[in-house]
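Since the structure comes first, as structure tokens, the remarks are kept for the end.
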Amino acid sequence: MKRTLKKAAMTAALAVLVGAAPVQAQKEPIKFGLLQDFTAVYTFVTSGYNQGQRDYLTLVNEMGGIDGHPIEVTVVDTGNQPQRGIEAYNRVRRDGAILVDFLSTPVANAMVNRVLEDEVVMLTVMHGRGDASDGETFPFVFPLMAHYWSQAALLVEYIDLYEGGIEGKKIAHVHIDSPFGREPIPVLQELAKQKGFTLRTFPYASPGNEQSATWTEVRRFRPDHVFIWGAGGGQAVSVREAIRNGISPDKILSVVWLAESDMHNVGADIAKGVKRFEATVTGTDTPILQEIMEKVVKAGKSAGDAKEVGNTYYNIGVASMAITVEGARLALKEFGAPLTGDKLRRGIEMIKDFDAQGLIPPVSYSSKDHQGGGFGRVSQWNGKSWEPVSDWHNAYQDLVWEKIRQEAAEFKKGR
Amino acid sequence: MAYFLELLVNGALTGLMYSLVALGIVLIYKSSGVPNLAQGAMVMLGAYAVWLMASWDVPIYLAVVLGAILMFAFGLLAERLLLRKMVGQPIIMIVMLTLGLEIFLRGFAPGFLGAAPKQIDLGLGLAPIILGDVFINRAYLVGGVIALLLIAASLLFFRTHIGTKLRAVSDDHVSSWSVGISVERAIGISWGLAGLTAVAAGVLWGSVQGVDWTLSALLFPAVAVVILGGLDSILGVFLAGLIVGILGSVVPGYLDQLAGGGTRDVVTSLIILLTIMFRPHGMFGREDIERV
Amino acid sequence: MFYRLSGIHHTRYESASQLWPIPADRWQVYALLALALAAPLLVSDLYLTSYLLPWLIMTSAALSLTLLMGIAGQLHFGFAAVMAIGAYTSIHLVRFGLPFELALLGAGLMAALIGGVFGAAALRVKGLYLVMATLAMQYLVDWIIVNVPAISGGAQATLQTPRTTFLFLPLHKDEVRYYVALLWVVLVTLLILNIKRTSFGRALVAVRDKDFAAAVIGINIVRYKLMAFFTSSFLGGVTGAVLAYCFYQAVTPEQFSFNVSIQIVAMVLVGGLGSVLGAYLGAAFVLLVPIVLTNAVAYLAGLGLLSASTNLLAHIPLMVYGGLIIGFLLFEPLGLAKIYDNLRKYFLVWPFRHARS
């Protein structure tokens, strides 16, 4: 009974305005469009990520909005299809949205030209083009957090600093055979040359539900460390195959897409020791999460299952909105209402040393850097939760930026 | 050498697990001439059904049995409500209908039961079976053995009383009618049996990769198995499963490094293409004689 | 009512054999064309760029496939791959320095050449086996595009369409894009309508109905099957290029995946196999129903009439869409075009139930 009541209370669903703020709701609302993939490839992350975003915005509205402006959210399923993304985008843009988040690389990549022309801010948190960090070429595209090149560089540095040096080690990069899986390879190759380790790459066929042949090969390579670069169900298969092939879990390092649910799929105890990149604190111990628990979840206003609160993808969602709202706040203070895409962009670019009360490493943006420095850390699965095993840091950003500029120049040339 | 052997053995076992998906397609095609492209989605549905009952604390093996009963009923129902009305329609309509069913199921199961990957634990553990330097995947071994058993059971089934009727139906609908065999019921049973094999495939694959909509992507290797083996041959499913699995494991094992990409889908595609170009009816399929 | 047969007496062969011999039909077509031409003035940006534009382009794709599947009877489950070849070719040609108009032609030719290879399978098999063969080719083309960075556009696997012009009009203006798409769909429509009336079209129909029988009456089936694949792939390739330049503006491999092939086949079937009008209706159905359903479900949920989890709400359109496809195949296998045809025939003789045909 209690459960059904809760469910009824959670009906705030697709394209529902996140409750209009009670008191000072007179000022005109700020509109965001979360046009994400709920039914296809990205389902593994969307529900948690989207819930985190909406819960945080609900919290902001509960507290009176940004400087009195409530935030209105439109949530639409795009099914990872660019043409549906375009329709949803044009619709929310007509309604006055100044920020969109597609959480889908194919859709986001197809939208780059449009958002640049229309001056709408597009978040590409952990998806989309890595070179969008170059704010001069992509003024309206914001990766906000460390993208895949920075993540790969950081994992390399982690091994170098915390696992007894990387020189002479053998690293296996086991990846899904897609542009996403191949993306970090150039950076890893360059680092292999500079730092003197051996790199070998092992692709497996998408979507990665069957990888046994690949891991047979990996085992014979006898790697000192294994990077697993996939997403969704394939990640659990990777971890399982690695363990089955005698690779100790603490030698496995993953891209950011490895969450609690994957660990439970593998078997929480068996997977003890697996490491991964993380860009936000996991769990509900940070002040923002505490507030969400109290004012949103306990009040029955959460956009989904209360069990999800504090999970990896949920917290990434919260962090993405925390940074955005901070940018909107700065923009309102500096340029005044009404907020536009261009003002919001400049607002985010003004953010300095913002850490969302400990949820994320301190990040700063500028008109050049839309990645925020590429900070992150490594955390380890202890059987119940993710435990940080390194400090927040960023790694080899010179190299990463060389790559960013090179790709951004390509983009400019092709336009 | 050990490398080759390991690729060979694990590939063969994976291939047998593909056969399990393919078996359902063959059962249906054999009796009714319908290529069921929704079999992948049925595998997904079966896995979801078993997961759901396991999540209600039903012991896993009981859940499998219950799931099998449910999916048998689902097969009967799909045949009765959808396919029976399509008799006599062009093949493309029937193909599209099964694809429509696949789209529907891909919305239905994740919609009601959750889209995030779920786990089915058969209690097999991760430790491989080690023979020298060859690691054999325990889950695949179990899957391969079950696939073998089910294929053998299907072969035996066609020697039973109902099975004989099914064979008659697969030979010729009209003459079966004329000797008093209920063609409708025979086709219905074949759909039910396809539902049964879908549960087996769904549970085994689900335990390996987790239960979510990607299970329906197993259709593609299963199609390769069916085409290579012959659309109406159960023996073909067995041998073609082995071949597709082994080639899909050994060839990428040597070629991926050279090609710089996962080549398994290429191998699978080429198997389909080459079979169709050189021996359209597969290794054991029955050749149709076309009259002008 | 609108349709009257009374008073129509064709006294010359030319007037009897024109495309729409009944004036009411003709006026309808003219009116629709006028509406289509005036659309940029009539509808808002949103509907022009995200409904009308993709609809027209996907109609061209469905029409190209209709030529192959409906008229020539050759099943094709890899049509998105053919369009991908056109899209990528056109972008690389424009980047190489060719004018867009020539690049379109190049896109069509390249797609036709490779699409003709698809046709080779049709010489050997038909029906279900042809479905599987073309499906396998789709996977191969996809794999090559994804795995050759020179084609797919480097690490990001995204190619932006370069800025260019069509007949001196700038192609980055929404209206120009719309008119280019409109021009193309009108051309394809006229072509398909007329192909049906030529000896080429009649030969294709003979091949469709029974290829051996066609051979007996002197039709070179090898030649005609290959020509059907060649023509249809040419149209598909140009459509792919138009889709890339006028709609997506950036090409990623996912835009031409296997699912898109299925969608185009669904357009042809739901619309009505072989019908030109059906291609329009089918494209509208397959393309717009998921979007409309998503918006409708969201609207109902917003009113509080639908209460369910986000996850379920997101999946409802998928279920309804699959259910609708099943429903059409079960209850109106001849497609949406047949429903229109029934209506038209009813009004043609209204107020009588029926008349001498």
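Identifiers for the structure tokens are assigned positionally: chains receive A, B, ... in sequence, residues are indexed from 1 per chain, and ligands are indexed from 1 in the order shown.
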request  = Can you check which residues of chain B have any atom within 6 Å of chain C? Use only C-alpha atoms and format it as a ChimeraX atom specification.
outcome  = /B:97,100,103-104,107-108,111-112,269,273,292
Can those selected residues be exported to a file as an mmCIF file, in the first residue's frame so that it contains C-alpha atoms?
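Listed below is the output, out12.cif:
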```
data_model
loop_
_atom_site.group_PDB
_atom_site.id
_atom_site.type_symbol
_atom_site.label_atom_id
_atom_site.label_comp_id
_atom_site.auth_asym_id
_atom_site.auth_seq_id
_atom_site.Cartn_x
_atom_site.Cartn_y
_atom_site.Cartn_z
ATOM 1 C CA LEU B 97 4.402 -8.834 -38.517
ATOM 2 C CA GLY B 100 6.102 -5.586 -35.225
ATOM 3 C CA ILE B 103 9.012 -3.891 -31.381
ATOM 4 C CA PHE B 104 6.015 -4.407 -29.143
ATOM 5 C CA GLY B 107 8.559 -1.887 -25.288
ATOM 6 C CA PHE B 108 6.498 -4.205 -23.137
ATOM 7 C CA GLY B 111 8.553 -0.868 -19.853
ATOM 8 C CA PHE B 112 6.776 -2.834 -17.173
ATOM 9 C CA SER B 269 27.351 -11.504 -42.106
ATOM 10 C CA LEU B 273 25.797 -14.071 -47.502
ATOM 11 C CA VAL B 292 5.703 -21.848 -63.096
#
```
task = With a distance threshold of 10 Å and counting only C-alpha atoms, extract the residues of chain A near chain B and express them as a VMD selection string.
result = chain A and resid 38 to 48 175 to 178 182 200 to 217 219 to 220 232 to 238 240 to 246 261 to 262 264 to 267 270
At a cut-off of 9 Å, can you tabulate as a tab-separated table every residue of chain C near chain A together with its closest atom pair and the distance in Å to one decimal, using only C-alpha atoms and ordering rows by chain then number?
```
residue	atom	partner	partner_atom	distance
C:Asp45	CA	A:Asn90	CA	8.2
C:Leu46	CA	A:Asn90	CA	5.7
C:Tyr47	CA	A:Glu87	CA	8.6
C:Thr49	CA	A:Glu87	CA	8.0
C:Ser50	CA	A:Glu87	CA	4.8
C:Tyr51	CA	A:Glu87	CA	7.4
C:Pro54	CA	A:Gln83	CA	7.7
C:Arg95	CA	A:Gly414	CA	7.3
C:Val146	CA	A:Ser178	CA	7.1
C:Asn147	CA	A:Ser178	CA	8.2
C:Gly154	CA	A:Glu407	CA	8.4
C:Ala155	CA	A:Glu183	CA	5.7
C:Gln156	CA	A:Arg129	CA	6.2
C:Ala157	CA	A:Pro179	CA	6.1
C:Thr158	CA	A:Asn109	CA	6.7
C:Leu159	CA	A:Gly414	CA	7.5
C:Gln160	CA	A:Arg415	CA	6.0
C:Thr161	CA	A:Arg415	CA	6.5
C:Pro162	CA	A:Arg415	CA	4.6
C:Arg163	CA	A:Arg415	CA	6.2
C:Phe247	CA	A:Gln83	CA	8.4
C:Tyr248	CA	A:Ala110	CA	6.3
C:Gln249	CA	A:Ala110	CA	6.8
C:Ala250	CA	A:Ala110	CA	4.9
C:Val251	CA	A:Ala110	CA	6.7
C:Thr252	CA	A:Pro106	CA	6.3
C:Pro253	CA	A:Pro106	CA	8.2
C:Glu254	CA	A:Pro106	CA	6.6
C:Gln255	CA	A:Pro82	CA	6.8
C:Leu287	CA	A:Gln83	CA	8.7
C:Leu288	CA	A:Arg84	CA	8.9
C:Pro290	CA	A:Arg84	CA	8.5
C:Ile291	CA	A:Arg84	CA	6.6
C:Thr294	CA	A:Asp77	CA	7.1
C:Asn295	CA	A:Val76	CA	7.8
C:Val297	CA	A:Leu14	CA	8.1
C:Ala298	CA	A:Ala15	CA	5.3
C:Tyr299	CA	A:Ala15	CA	7.4
C:Ala301	CA	A:Ala13	CA	6.6
C:Gly302	CA	A:Val16	CA	5.2
C:Leu303	CA	A:Val16	CA	8.8
C:Gly304	CA	A:Thr11	CA	8.0
C:Leu306	CA	A:Thr11	CA	8.2
C:Ser307	CA	A:Thr11	CA	5.3
C:Ala308	CA	A:Thr11	CA	5.8
C:Ser309	CA	A:Thr11	CA	6.1
C:Thr310	CA	A:Ala13	CA	5.0
C:Asn311	CA	A:Phe38	CA	6.9
C:Leu313	CA	A:Leu14	CA	6.9
C:Ala314	CA	A:Asp77	CA	6.1
C:His315	CA	A:Thr39	CA	6.3
C:Leu318	CA	A:Thr39	CA	8.2
```
request  = as a ChimeraX atom specification, list the residues of segment 87-241 of chain B assigned to strand (DSSP E or B) by DSSP on the backbone atoms of this structure.
outcome  = /B:118,129-131,134-136,211
note = atom CA of Met86 of chain B sits from atom CA of Val226 of chain B at a separation of 22.4 Å
Please provide the set of residues having any atom within 12 Å of Glu117 of chain A, restricted to only C-alpha atoms, with same-chain residues fewer than 4 positions apart removed, written as a PDB file with C-alpha atoms, in the first residue's frame.
```pdb
ATOM      1  CA  MET A 111      22.897  18.673 -32.966  1.00  0.00           C
ATOM      2  CA  VAL A 112      26.224  20.509 -32.681  1.00  0.00           C
ATOM      3  CA  ASN A 113      25.652  22.740 -35.709  1.00  0.00           C
ATOM      4  CA  VAL A 121      23.579  25.581 -24.375  1.00  0.00           C
ATOM      5  CA  MET A 122      24.054  21.847 -24.858  1.00  0.00           C
ATOM      6  CA  PHE A 138      32.207  25.097 -29.569  1.00  0.00           C
ATOM      7  CA  PRO A 139      30.988  28.080 -27.548  1.00  0.00           C
ATOM      8  CA  PHE A 140      27.648  26.483 -26.669  1.00  0.00           C
ATOM      9  CA  VAL A 141      28.696  22.905 -25.997  1.00  0.00           C
ATOM     10  CA  GLY A 341      21.453  30.760 -23.945  1.00  0.00           C
ATOM     11  CA  ASP A 342      24.279  33.198 -24.465  1.00  0.00           C
TER      12      ASP A 342
ATOM     13  CA  HIS C 172      21.800  26.487 -44.628  1.00  0.00           C
ATOM     14  CA  LYS C 173      18.446  28.299 -44.799  1.00  0.00           C
TER      15      LYS C 173
END
```
inquiry  = DSSP on the backbone: which residues in segment 117-242 of chain C end up as helix (DSSP H, G or I)? Give the answer as a PyMOL selection string.
reply    = chain C and resi 117-124+128-147+149-152+154-156+174-195+199-209+211-216+221-242
key: Ser64 of chain C environment, 6 Å, only C-alpha atoms, sequence neighbours closer than 2 positions dropped, as a PyMOL selection string   = chain C and resi 61-62+66-67+232+235-236
Counting only C-alpha atoms, the residue of A:Val363, A:Val378, A:Leu99, A:Val318 that sits nearest Gly52 of chain A =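 Under the stated criterion, the closest residue is A:Val318.
The residue set within 7 Å of Ile351 of chain A, counting only C-alpha atoms and dropping same-chain residues fewer than 3 places from it, reads Gly327, Gly347, Ile348, Phe354, Ser364 and Tyr365 of chain A.
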